[in-house]
$ cat query39.cif   # mmCIF, C-alpha atoms and all ligand atoms
data_work
loop_
_atom_site.label_atom_id
_atom_site.label_comp_id
_atom_site.auth_asym_id
_atom_site.auth_seq_id
_atom_site.Cartn_x
_atom_site.Cartn_y
_atom_site.Cartn_z
CA MET A 1 23.75 -12.30 31.18
CA SER A 2 21.05 -11.93 28.55
CA LYS A 3 21.85 -9.31 25.97
CA LYS A 4 18.89 -7.07 25.10
CA LYS A 5 17.72 -8.09 21.64
CA MET A 6 17.15 -5.40 19.06
CA SER A 7 13.50 -5.31 18.06
CA LEU A 8 12.53 -6.09 14.50
CA THR A 9 11.34 -2.52 14.07
CA THR A 10 14.76 -1.14 15.03
CA LYS A 11 16.54 -3.63 12.78
CA ILE A 12 14.37 -2.62 9.82
CA LEU A 13 14.92 1.07 10.55
CA VAL A 14 18.70 0.54 10.58
CA ALA A 15 18.42 -1.47 7.34
CA LEU A 16 16.45 1.34 5.68
CA LEU A 17 19.11 3.88 6.60
CA LEU A 18 22.04 1.66 5.66
CA GLY A 19 20.34 0.66 2.40
CA SER A 20 19.72 4.30 1.41
CA ILE A 21 23.28 5.35 2.22
CA THR A 22 24.78 2.33 0.46
CA GLY A 23 22.57 2.95 -2.59
CA ILE A 24 23.59 6.60 -2.82
CA ILE A 25 27.29 5.67 -2.52
CA VAL A 26 26.99 2.94 -5.15
CA PHE A 27 25.22 5.38 -7.50
CA GLN A 28 28.43 7.48 -7.50
CA LEU A 29 30.65 4.55 -8.51
CA PRO A 30 31.73 4.33 -12.15
CA ASP A 31 29.57 1.99 -14.25
CA GLY A 32 31.13 -1.41 -14.69
CA VAL A 33 31.07 -5.03 -13.58
CA PHE A 34 31.54 -4.29 -9.88
CA LYS A 35 28.76 -1.72 -9.68
CA ASP A 36 26.23 -3.18 -12.09
CA THR A 37 26.77 -6.92 -12.10
CA ILE A 38 28.10 -7.63 -8.63
CA LEU A 39 26.29 -5.03 -6.54
CA ILE A 40 23.10 -3.73 -8.16
CA ASN A 41 22.05 -6.78 -10.16
CA GLY A 42 23.92 -9.22 -7.93
CA VAL A 43 23.85 -8.83 -4.17
CA PHE A 44 21.12 -6.17 -3.84
CA GLN A 45 18.86 -7.88 -6.36
CA LEU A 46 19.34 -11.30 -4.79
CA VAL A 47 18.54 -10.41 -1.20
CA GLY A 48 15.77 -7.99 -2.17
CA GLN A 49 14.01 -10.42 -4.48
CA LEU A 50 14.39 -13.37 -2.10
CA PHE A 51 12.51 -11.41 0.54
CA LEU A 52 9.96 -9.93 -1.85
CA ARG A 53 9.12 -13.29 -3.42
CA GLY A 54 8.98 -14.93 -0.01
CA ILE A 55 6.31 -12.50 1.13
CA MET A 56 4.48 -12.41 -2.23
CA MET A 57 4.08 -16.18 -2.32
CA LEU A 58 2.04 -15.98 0.87
CA VAL A 59 -0.41 -13.31 -0.34
CA VAL A 60 -2.91 -15.46 -2.26
CA PRO A 61 -3.19 -18.39 0.19
CA LEU A 62 -3.26 -15.99 3.12
CA VAL A 63 -6.02 -13.80 1.72
CA PHE A 64 -8.12 -16.78 0.69
CA ILE A 65 -7.71 -18.82 3.86
CA SER A 66 -7.97 -16.03 6.39
CA LEU A 67 -10.93 -14.42 4.68
CA ALA A 68 -12.88 -17.67 4.18
CA ASN A 69 -12.14 -18.51 7.80
CA GLY A 70 -13.08 -15.01 8.97
CA ALA A 71 -16.31 -14.92 6.97
CA ALA A 72 -17.29 -18.36 8.26
CA SER A 73 -16.64 -17.38 11.85
CA MET A 74 -18.56 -14.13 11.50
CA GLY A 75 -21.54 -16.33 10.76
CA ASP A 76 -23.83 -13.39 10.13
CA ILE A 77 -24.42 -12.44 6.52
CA LYS A 78 -26.09 -9.16 7.44
CA LYS A 79 -23.06 -8.12 9.44
CA LEU A 80 -20.78 -9.02 6.57
CA GLY A 81 -22.84 -6.83 4.24
CA ARG A 82 -22.78 -3.95 6.71
CA VAL A 83 -19.01 -4.17 7.20
CA GLY A 84 -18.51 -4.41 3.42
CA GLY A 85 -20.66 -1.36 2.71
CA LYS A 86 -19.05 0.73 5.43
CA THR A 87 -15.55 -0.25 4.36
CA VAL A 88 -16.05 0.61 0.69
CA ALA A 89 -17.74 3.92 1.60
CA PHE A 90 -14.88 4.75 3.96
CA TYR A 91 -12.22 3.86 1.41
CA LEU A 92 -13.75 5.80 -1.45
CA SER A 93 -14.50 8.91 0.59
CA THR A 94 -11.00 9.09 2.10
CA THR A 95 -9.53 8.68 -1.39
CA ALA A 96 -11.71 11.53 -2.71
CA ILE A 97 -10.70 13.74 0.25
CA ALA A 98 -7.01 12.97 -0.37
CA ILE A 99 -7.25 14.03 -4.03
CA THR A 100 -8.99 17.22 -3.01
CA ILE A 101 -6.16 18.02 -0.56
CA ALA A 102 -3.62 17.32 -3.30
CA LEU A 103 -5.44 19.58 -5.76
CA CYS A 104 -5.34 22.38 -3.18
CA LEU A 105 -1.60 21.83 -2.69
CA GLY A 106 -1.08 21.83 -6.46
CA TYR A 107 -3.09 25.02 -6.83
CA PHE A 108 -1.32 26.94 -4.08
CA LEU A 109 2.25 25.57 -4.26
CA LYS A 110 2.43 25.48 -8.08
CA PRO A 111 4.90 22.56 -8.36
CA GLY A 112 5.13 22.79 -12.17
CA ALA A 113 5.32 26.55 -12.59
CA GLY A 114 8.50 27.74 -14.30
CA LEU A 115 9.71 24.17 -14.87
CA ASN A 116 12.67 23.99 -17.21
CA LEU A 117 11.43 21.26 -19.54
CA GLU A 118 14.89 20.82 -21.03
CA MET A 119 16.39 19.80 -17.73
CA VAL A 120 13.93 17.00 -17.15
CA LYS A 121 14.89 13.62 -18.49
CA ALA A 122 11.52 12.73 -19.98
CA VAL A 123 10.69 9.09 -20.47
CA LYS A 124 8.78 8.26 -23.65
CA THR A 125 5.36 6.95 -22.72
CA THR A 126 2.82 5.09 -24.70
CA THR A 127 0.58 4.64 -21.69
CA ALA A 128 -2.72 5.38 -23.36
CA ALA A 129 -4.84 3.44 -20.91
CA THR A 130 -7.82 1.57 -22.14
CA LYS A 131 -10.58 2.79 -19.92
CA THR A 132 -12.43 -0.03 -18.17
CA PRO A 133 -16.04 1.03 -17.56
CA LEU A 134 -17.08 0.93 -13.90
CA VAL A 135 -19.78 -1.65 -14.71
CA GLN A 136 -17.14 -3.98 -16.14
CA THR A 137 -14.87 -3.51 -13.11
CA LEU A 138 -17.84 -4.47 -10.94
CA TYR A 139 -18.95 -7.59 -12.77
CA GLU A 140 -15.37 -8.75 -13.29
CA MET A 141 -15.09 -9.02 -9.54
CA VAL A 142 -16.76 -12.40 -9.97
CA PRO A 143 -14.22 -14.74 -11.58
CA LYS A 144 -15.14 -17.12 -14.37
CA ASN A 145 -12.53 -19.50 -13.10
CA ILE A 146 -11.37 -19.80 -9.50
CA THR A 147 -7.93 -21.14 -10.29
CA LEU A 148 -7.29 -18.34 -12.78
CA ALA A 149 -8.27 -15.77 -10.17
CA MET A 150 -5.74 -17.33 -7.81
CA SER A 151 -2.92 -17.68 -10.32
CA ASP A 152 -3.44 -14.10 -11.51
CA GLY A 153 -3.48 -12.97 -7.89
CA ASN A 154 -6.63 -10.95 -8.67
CA MET A 155 -7.40 -9.60 -5.22
CA LEU A 156 -11.03 -8.57 -5.77
CA GLN A 157 -11.91 -11.93 -7.32
CA ILE A 158 -10.17 -13.87 -4.55
CA ILE A 159 -12.07 -11.80 -1.99
CA ILE A 160 -15.40 -12.67 -3.62
CA VAL A 161 -14.60 -16.40 -3.74
CA ALA A 162 -13.34 -16.45 -0.15
CA VAL A 163 -16.38 -14.62 1.20
CA LEU A 164 -18.69 -17.02 -0.67
CA VAL A 165 -16.83 -20.04 0.70
CA GLY A 166 -17.06 -18.57 4.20
CA ILE A 167 -20.79 -17.94 3.90
CA GLY A 168 -21.32 -21.41 2.47
CA LEU A 169 -19.42 -22.99 5.33
CA SER A 170 -21.38 -21.18 7.99
CA LEU A 171 -24.65 -22.13 6.28
CA LEU A 172 -23.57 -25.77 6.29
CA GLY A 173 -23.75 -25.70 10.08
CA LYS A 174 -22.42 -28.85 11.73
CA LYS A 175 -21.29 -30.33 8.41
CA GLY A 176 -19.03 -27.34 7.81
CA GLU A 177 -17.31 -27.47 11.19
CA SER A 178 -14.43 -29.75 10.28
CA LEU A 179 -13.55 -27.63 7.25
CA ILE A 180 -13.72 -24.46 9.34
CA ASN A 181 -11.31 -26.08 11.81
CA LEU A 182 -8.99 -27.00 8.98
CA LEU A 183 -9.07 -23.42 7.70
CA GLU A 184 -8.31 -22.23 11.21
CA ASN A 185 -5.24 -24.46 11.39
CA LEU A 186 -4.09 -23.47 7.92
CA ASN A 187 -4.49 -19.85 8.88
CA ASP A 188 -2.25 -20.34 11.91
CA LEU A 189 0.31 -22.03 9.69
CA ILE A 190 0.39 -19.20 7.14
CA MET A 191 0.64 -16.59 9.88
CA LYS A 192 3.65 -18.51 11.23
CA LEU A 193 5.19 -18.45 7.75
CA VAL A 194 4.66 -14.68 7.63
CA ASP A 195 6.58 -14.37 10.91
CA ILE A 196 9.39 -16.50 9.52
CA VAL A 197 9.69 -14.50 6.30
CA MET A 198 9.45 -11.21 8.21
CA ASN A 199 12.55 -12.17 10.17
CA PHE A 200 14.40 -11.65 6.90
CA ALA A 201 12.83 -8.22 6.40
CA PRO A 202 15.90 -6.23 7.49
CA ILE A 203 18.15 -7.89 4.88
CA GLY A 204 15.44 -7.76 2.21
CA VAL A 205 14.62 -4.13 2.88
CA PHE A 206 18.31 -3.29 2.70
CA GLY A 207 18.65 -4.93 -0.74
CA LEU A 208 15.49 -3.36 -2.17
CA ILE A 209 16.30 0.16 -0.98
CA ALA A 210 19.98 -0.04 -1.93
CA LYS A 211 19.02 -1.12 -5.45
CA THR A 212 16.45 1.66 -5.81
CA PHE A 213 18.83 4.40 -4.72
CA ALA A 214 21.77 2.98 -6.66
CA THR A 215 19.64 2.96 -9.82
CA VAL A 216 17.56 6.11 -9.55
CA GLY A 217 20.17 8.21 -7.77
CA TYR A 218 19.31 11.77 -7.03
CA VAL A 219 20.36 13.60 -10.18
CA ALA A 220 16.96 13.04 -11.80
CA MET A 221 15.31 14.43 -8.69
CA ILE A 222 16.81 17.91 -8.81
CA PRO A 223 14.61 19.60 -11.47
CA LEU A 224 11.55 17.81 -10.07
CA MET A 225 12.26 18.64 -6.45
CA LYS A 226 9.20 20.86 -6.11
CA TYR A 227 6.95 18.11 -7.47
CA ILE A 228 8.42 15.48 -5.15
CA LEU A 229 8.32 17.72 -2.09
CA THR A 230 4.72 18.80 -2.74
CA ILE A 231 3.66 15.14 -2.87
CA TYR A 232 5.58 14.26 0.28
CA LEU A 233 4.02 17.26 2.02
CA GLY A 234 0.58 15.94 1.05
CA LEU A 235 1.51 12.44 2.24
CA ILE A 236 2.71 13.77 5.59
CA LEU A 237 -0.41 15.91 6.03
CA VAL A 238 -2.64 12.91 5.39
CA SER A 239 -0.65 10.58 7.66
CA ILE A 240 -0.18 12.92 10.57
CA LEU A 241 -3.24 15.14 10.55
CA GLY A 242 -5.74 13.12 8.52
CA TYR A 243 -5.18 9.65 9.94
CA ALA A 244 -4.61 10.92 13.47
CA SER A 245 -7.88 12.80 13.53
CA LEU A 246 -9.80 9.91 11.98
CA LEU A 247 -8.42 7.49 14.55
CA LYS A 248 -8.93 9.83 17.49
CA GLY A 249 -12.33 11.02 16.29
CA PHE A 250 -13.80 7.58 15.62
CA THR A 251 -12.08 5.50 18.31
CA GLY A 252 -10.26 7.75 20.80
CA LEU A 253 -7.12 5.59 20.34
CA SER A 254 -3.56 6.89 20.20
CA ILE A 255 -1.97 7.40 16.77
CA LYS A 256 1.50 7.22 18.37
CA LYS A 257 0.88 3.69 19.57
CA PHE A 258 -0.58 2.82 16.21
CA TYR A 259 2.48 3.99 14.29
CA LYS A 260 4.92 2.33 16.71
CA LYS A 261 3.27 -1.02 16.11
CA PHE A 262 2.63 -0.49 12.44
CA PHE A 263 6.16 0.51 11.43
CA PRO A 264 7.26 -2.91 10.04
CA ALA A 265 4.35 -2.83 7.56
CA MET A 266 5.25 0.72 6.54
CA SER A 267 8.84 -0.24 5.89
CA VAL A 268 7.81 -3.19 3.71
CA ALA A 269 5.51 -0.85 1.77
CA PHE A 270 8.29 1.71 1.39
CA SER A 271 10.85 -0.74 0.12
CA THR A 272 8.57 -2.80 -2.14
CA ALA A 273 6.24 0.00 -3.35
CA SER A 274 3.48 -2.60 -3.42
CA SER A 275 0.34 -2.68 -1.31
CA ASN A 276 -0.25 -6.29 -2.34
CA ALA A 277 3.16 -7.39 -1.06
CA THR A 278 2.37 -5.72 2.24
CA VAL A 279 -0.91 -7.58 2.84
CA PRO A 280 0.62 -10.44 4.90
CA VAL A 281 2.49 -8.21 7.36
CA ASN A 282 -0.38 -5.71 7.50
CA LEU A 283 -2.83 -8.48 8.43
CA ASP A 284 -0.42 -9.93 10.94
CA ILE A 285 -0.01 -6.59 12.72
CA CYS A 286 -3.71 -5.72 12.62
CA GLU A 287 -4.66 -9.01 14.22
CA LYS A 288 -1.85 -9.59 16.68
CA LYS A 289 -0.74 -6.10 17.67
CA LEU A 290 -3.64 -3.78 17.00
CA GLY A 291 -6.22 -6.22 18.35
CA VAL A 292 -8.51 -6.40 15.31
CA SER A 293 -10.55 -9.59 14.93
CA LYS A 294 -9.68 -11.93 12.09
CA GLY A 295 -13.14 -11.59 10.57
CA ILE A 296 -12.72 -7.86 10.03
CA ALA A 297 -9.02 -7.59 9.14
CA ALA A 298 -9.07 -10.48 6.69
CA PHE A 299 -11.74 -8.63 4.76
CA THR A 300 -10.71 -4.98 4.98
CA ILE A 301 -6.94 -5.30 4.46
CA PRO A 302 -6.90 -7.18 1.12
CA LEU A 303 -9.83 -5.08 -0.09
CA GLY A 304 -7.97 -1.92 0.88
CA ALA A 305 -4.83 -3.03 -0.97
CA THR A 306 -6.83 -2.79 -4.19
CA VAL A 307 -9.53 -0.22 -3.54
CA ASN A 308 -8.05 2.25 -1.07
CA MET A 309 -5.24 4.43 -2.38
CA ASN A 310 -5.02 7.68 -0.48
CA GLY A 311 -1.30 8.14 -1.14
CA THR A 312 -1.79 7.45 -4.82
CA ALA A 313 -4.63 9.99 -4.83
CA ILE A 314 -2.24 12.64 -3.49
CA MET A 315 0.15 11.94 -6.33
CA GLN A 316 -2.65 12.13 -8.93
CA GLY A 317 -3.81 15.53 -7.71
CA VAL A 318 -0.33 17.03 -7.58
CA ALA A 319 0.65 15.48 -10.93
CA THR A 320 -2.40 17.01 -12.60
CA PHE A 321 -1.36 20.50 -11.55
CA PHE A 322 2.31 19.82 -12.18
CA VAL A 323 1.79 18.79 -15.81
CA ALA A 324 -0.84 21.47 -16.47
CA GLN A 325 1.49 24.16 -15.10
CA ALA A 326 4.52 22.78 -16.95
CA TYR A 327 2.61 23.02 -20.25
CA GLY A 328 0.90 26.29 -19.35
CA ILE A 329 -2.62 24.80 -19.38
CA PRO A 330 -5.11 26.43 -16.98
CA VAL A 331 -6.92 24.02 -14.63
CA THR A 332 -10.60 24.85 -14.29
CA LEU A 333 -12.91 23.93 -11.41
CA GLY A 334 -14.70 21.51 -13.73
CA MET A 335 -11.40 19.77 -14.50
CA MET A 336 -10.69 19.44 -10.78
CA ALA A 337 -14.09 17.84 -10.15
CA THR A 338 -13.47 15.41 -13.03
CA VAL A 339 -10.06 14.51 -11.59
CA VAL A 340 -11.59 13.73 -8.17
CA LEU A 341 -14.24 11.52 -9.76
CA THR A 342 -12.02 9.72 -12.28
CA SER A 343 -9.22 9.02 -9.79
CA THR A 344 -11.60 7.72 -7.16
CA ILE A 345 -13.35 5.40 -9.60
CA ALA A 346 -10.09 4.31 -11.21
CA SER A 347 -8.70 3.39 -7.79
CA ILE A 348 -11.34 0.65 -7.40
CA GLY A 349 -9.89 -1.70 -9.94
CA THR A 350 -6.22 -0.76 -9.76
CA ALA A 351 -3.99 -3.42 -8.23
CA GLY A 352 -1.57 -2.52 -5.45
CA VAL A 353 1.60 -3.06 -7.45
CA PRO A 354 4.55 -0.75 -8.16
CA GLY A 355 3.77 1.97 -10.65
CA ALA A 356 0.07 1.10 -10.91
CA SER A 357 -0.95 4.71 -10.67
CA ILE A 358 0.74 5.60 -13.95
CA ILE A 359 -2.07 3.70 -15.66
CA MET A 360 -4.62 5.50 -13.48
CA LEU A 361 -2.97 8.81 -14.24
CA SER A 362 -3.28 8.30 -17.97
CA MET A 363 -7.03 7.76 -17.50
CA VAL A 364 -7.25 10.94 -15.46
CA PHE A 365 -5.27 12.92 -18.02
CA GLN A 366 -7.44 11.61 -20.85
CA SER A 367 -10.58 12.61 -18.99
CA VAL A 368 -9.47 16.23 -18.64
CA GLY A 369 -7.51 16.54 -21.89
CA LEU A 370 -4.02 16.93 -20.42
CA PRO A 371 -1.14 15.75 -22.66
CA LEU A 372 -0.16 12.15 -21.99
CA GLU A 373 3.51 12.98 -22.69
CA GLY A 374 3.34 14.91 -19.43
CA ILE A 375 3.45 11.57 -17.64
CA GLY A 376 6.89 11.00 -19.14
CA LEU A 377 8.18 14.01 -17.21
CA ILE A 378 7.56 12.36 -13.87
CA MET A 379 8.29 8.73 -14.76
CA GLY A 380 12.01 9.01 -14.03
CA VAL A 381 11.38 9.76 -10.36
CA ASP A 382 8.15 7.82 -9.95
CA ARG A 383 9.69 5.05 -7.88
CA LEU A 384 10.79 7.55 -5.22
CA VAL A 385 7.26 8.89 -5.01
CA ASP A 386 5.71 5.40 -5.25
CA MET A 387 7.53 4.27 -2.11
CA GLY A 388 6.02 7.08 -0.05
CA ARG A 389 2.52 6.88 -1.47
CA THR A 390 2.36 3.12 -0.94
CA VAL A 391 3.11 3.67 2.77
CA VAL A 392 0.16 6.06 2.98
CA ASN A 393 -2.04 3.68 0.97
CA ILE A 394 -1.57 0.76 3.33
CA THR A 395 -1.64 2.88 6.47
CA GLY A 396 -5.08 4.09 5.38
CA ASP A 397 -6.22 0.46 5.11
CA ALA A 398 -5.13 -0.29 8.66
CA ILE A 399 -6.64 2.92 10.07
CA CYS A 400 -9.99 2.10 8.49
CA THR A 401 -9.71 -1.48 9.74
CA VAL A 402 -9.19 -0.36 13.35
CA ILE A 403 -12.09 2.10 13.11
CA ILE A 404 -14.52 -0.42 11.64
CA ALA A 405 -13.42 -3.08 14.13
CA LYS A 406 -14.04 -0.67 17.01
CA GLN A 407 -17.49 0.20 15.71
CA GLU A 408 -18.35 -3.47 15.27
CA LYS A 409 -17.03 -4.28 18.77
CA GLU A 410 -14.39 -6.50 17.16
CA LEU A 411 -11.37 -4.63 18.54
CA ASP A 412 -9.46 -5.75 21.62
CA VAL A 413 -8.45 -2.37 23.03
CA ASP A 414 -6.13 -4.00 25.60
CA VAL A 415 -4.09 -5.57 22.81
CA PHE A 416 -3.98 -2.22 21.00
CA ASN A 417 -2.77 -0.41 24.10
CA ASN A 418 -0.27 -3.06 25.20
CA MET A 419 3.19 -1.82 24.24
CA LYS A 420 5.15 -4.50 26.11
CA ASP A 421 5.52 -7.01 23.26
CA ASP A 422 6.81 -4.30 21.00
CA GLU A 423 10.38 -4.92 22.08
CA GLY A 424 10.45 -8.65 21.39
CA GLY A 425 12.20 -8.71 18.01
CA LYS A 426 9.21 -10.30 16.32
CA VAL A 427 6.43 -9.04 14.15
CA ALA A 428 3.91 -10.21 16.67
N1 LIG A 501 2.40 1.23 -5.69
C1 LIG A 501 1.11 1.63 -5.21
C2 LIG A 501 0.53 0.55 -4.32
O1 LIG A 501 0.89 -0.60 -4.44
C3 LIG A 501 0.16 1.95 -6.31
C4 LIG A 501 0.66 3.17 -7.06
O2 LIG A 501 0.43 4.28 -6.57
O3 LIG A 501 1.32 3.03 -8.07
O4 LIG A 501 -0.29 0.84 -3.49
#

$ encode --input "query39.cif" --output "structure tokens"
Amino acid sequence: MSKKKMSLTTKILVALLLGSITGIIVFQLPDGVFKDTILINGVFQLVGQLFLRGIMMLVVPLVFISLANGAASMGDIKKLGRVGGKTVAFYLSTTAIAITIALCLGYFLKPGAGLNLEMVKAVKTTTAATKTPLVQTLYEMVPKNITLAMSDGNMLQIIIVAVLVGIGLSLLGKKGESLINLLENLNDLIMKLVDIVMNFAPIGVFGLIAKTFATVGYVAMIPLMKYILTIYLGLILVSILGYASLLKGFTGLSIKKFYKKFFPAMSVAFSTASSNATVPVNLDICEKKLGVSKGIAAFTIPLGATVNMNGTAIMQGVATFFVAQAYGIPVTLGMMATVVLTSTIASIGTAGVPGASIIMLSMVFQSVGLPLEGIGLIMGVDRLVDMGRTVVNITGDAICTVIIAKQEKELDVDVFNNMKDDEGGKVA
């Protein structure tokens, strides 16, 4: 009698397709109350924002509680330091490799050559970024005020506080036990809330995607097609070849299984274009479906949302060549090396929010003397690119998490390989 329930993954996939089609159809409708007020800023906005805010409200408590709990249960400060060092090294080197791949694509595919500047609807930009020195980014990781760090949702600062609390609790020994138990219970509660909110993901994803496509449309894409396609080619190369070989090489695990389980997180990243918003579902999947221990995932995932941006790096590399070619400026080897360095360093302090890389890009352009107005050329289609690069950003966080967990013997390979629960209609 029991009807086979559609899994959450399938529901989200259907929602993504329906949302894109609906958005494209709505884009064609004549402007007016029905299109703008009732659909785009009414229904789509309402369901999209309800979901987005539901998941965002869990980010800060989840990161703090699960990381403090994880650090306390790791109980070994040396191990924490080792995991931290390895993770940061992994994140920064993969980001640098991604930019290098993108620069090669930009060099060979020439996305900006012969661009008809008149056809591009340039957006006026005043994004002259104030460069934050690396030293400042580093010391500002320690907040002056814990509540401010939380209310600003400053991921790096929350990570520092949570790790300190975890270390403190484990040093307290017996006295800290009751608080650790409380954190454990709170962690279970927040994870439950993530599951509840994720049940609304199909409707939310539909609203977010429909609004994006109904607003951006595809007309703006046409003159920039080569730019967009070059970036997506880079993103696919990194996801299929890069991530697959990293996972296979370091752990011997199957990338196919990984992607099957990880899809809900990718769809949230695609529709929200925010690594931060994806932290709850990413953590949930890493722990419950990929078999990573809480101690590792709670540390590497939020850190990755801020520090690790491989998809963004692809965009930065391609955009550099695109703008240089559009303005007829030759790109030297020295400029390329500067781009790799500036982008990698800039990625450390950049938050995982929509459009964050535009600020990074202005720093990169300033460092190599490319015209900042060039950024205006790509702004009109940036959301379409942002969706794809955010998927690659957060996938890189999870890949690194699985690898580090395996090396630290904190990965349950049976959970990773078990595909049975994948059909249950739940995140985990
Ligand atoms: N939206 C991206 C993220 O959240 C950052 C960016 O590339 O703009 O990861």

$ atom_distance --input "query39.cif" --atom1 "atom CA of Leu290 of chain A" --atom2 "atom CA of Ile403 of chain A"
11.0 Å

$ residues_near_ligand --input "query39.cif" --ligand "ligand LIG 501 (chain A)" --cutoff "10 Å" --atoms "all atoms listed in the file" --output "ChimeraX atom specification"
/A:269-270,272-278,304-316,347,350-361,382-383,385-394

$ closest_residue --input "query39.cif" --among "A:Pro223, A:Gly217, A:Gly234, A:Pro202" --to "Leu8 of chain A" --atoms "all atoms listed in the file"
A:Pro202

$ residues_around --input "query39.cif" --residues "Lys211 of chain A" --least-positions-apart "4" --cutoff "8 Å" --atoms "all atoms listed in the file" --output "NGL selection string"
:A and (23 or 40-41 or 44-45 or 207 or 215)

$ residues_around --input "query39.cif" --residues "Met155 of chain A" --least-positions-apart "4" --cutoff "12 Å" --atoms "all atoms listed in the file" --output "JSON, numbers by chain"
{"A": [59, 60, 61, 62, 63, 64, 67, 140, 141, 142, 143, 146, 148, 149, 150, 151, 159, 160, 161, 162, 275, 276, 277, 279, 299, 300, 301, 302, 303, 304, 305, 306, 307, 348, 349, 350, 351, 352, 353]}

$ atom_distance --input "query39.cif" --atom1 "atom CA of Leu105 of chain A" --atom2 "atom CA of Thr230 of chain A"
7.0 Å

$ closest_residue --input "query39.cif" --among "A:Ser267, A:Thr344, A:Asn154, A:Ser245" --to "Phe206 of chain A" --atoms "only C-alpha atoms"
A:Ser267

$ closest_residue --input "query39.cif" --among "A:Lys406, A:Lys260, A:Lys110, A:Lys174" --to "Phe322 of chain A" --atoms "only C-alpha atoms"
A:Lys110

$ closest_residue --input "query39.cif" --among "A:Val402, A:Ile99, A:Leu224, A:Leu384" --to "Thr87 of chain A" --atoms "only C-alpha atoms"
A:Val402

$ closest_residue --input "query39.cif" --among "A:Leu138, A:Ile24, A:Leu182, A:Leu115" --to "Gln157 of chain A" --atoms "only C-alpha atoms"
A:Leu138

$ closest_residue --input "query39.cif" --among "A:Val364, A:Ile55, A:Leu80, A:Met336" --to "Leu164 of chain A" --atoms "all atoms listed in the file"
A:Leu80

$ residues_around --input "query39.cif" --residues "Ile255 of chain A" --least-positions-apart "4" --cutoff "8 Å" --atoms "all atoms listed in the file" --output "PyMOL selection string"
chain A and resi 243-244+247-248+259

$ residues_near_point --input "query39.cif" --point "(22.9, 2.1, 2.5)" --cutoff "10 Å" --atoms "only C-alpha atoms" --output "MDAnalysis selection string"
chainID A and resid 14:26 206:207 209:211 213:214

$ atom_distance --input "query39.cif" --atom1 "atom CA of Glu373 of chain A" --atom2 "atom CA of Leu92 of chain A"
28.3 Å

$ residues_near_point --input "query39.cif" --point "(11.8, -10.6, 9.7)" --cutoff "9 Å" --atoms "only C-alpha atoms" --output "PyMOL selection string"
chain A and resi 8+11-12+194-204+264+425-427

$ axis_aligned_box --input "query39.cif" --around "segment 378-388 of chain A" --padding-each-side "8 Å" --output "lines of an AutoDock Vina configuration file"
center_x = 8.9
center_y = 8.3
center_z = -7.4
size_x = 22.3
size_y = 24.1
size_z = 30.7

$ residues_around --input "query39.cif" --residues "Met363 of chain A" --least-positions-apart "4" --cutoff "12 Å" --atoms "only C-alpha atoms" --output "PyMOL selection string"
chain A and resi 127-133+316+320+338-347+350+356-359+367-372+375
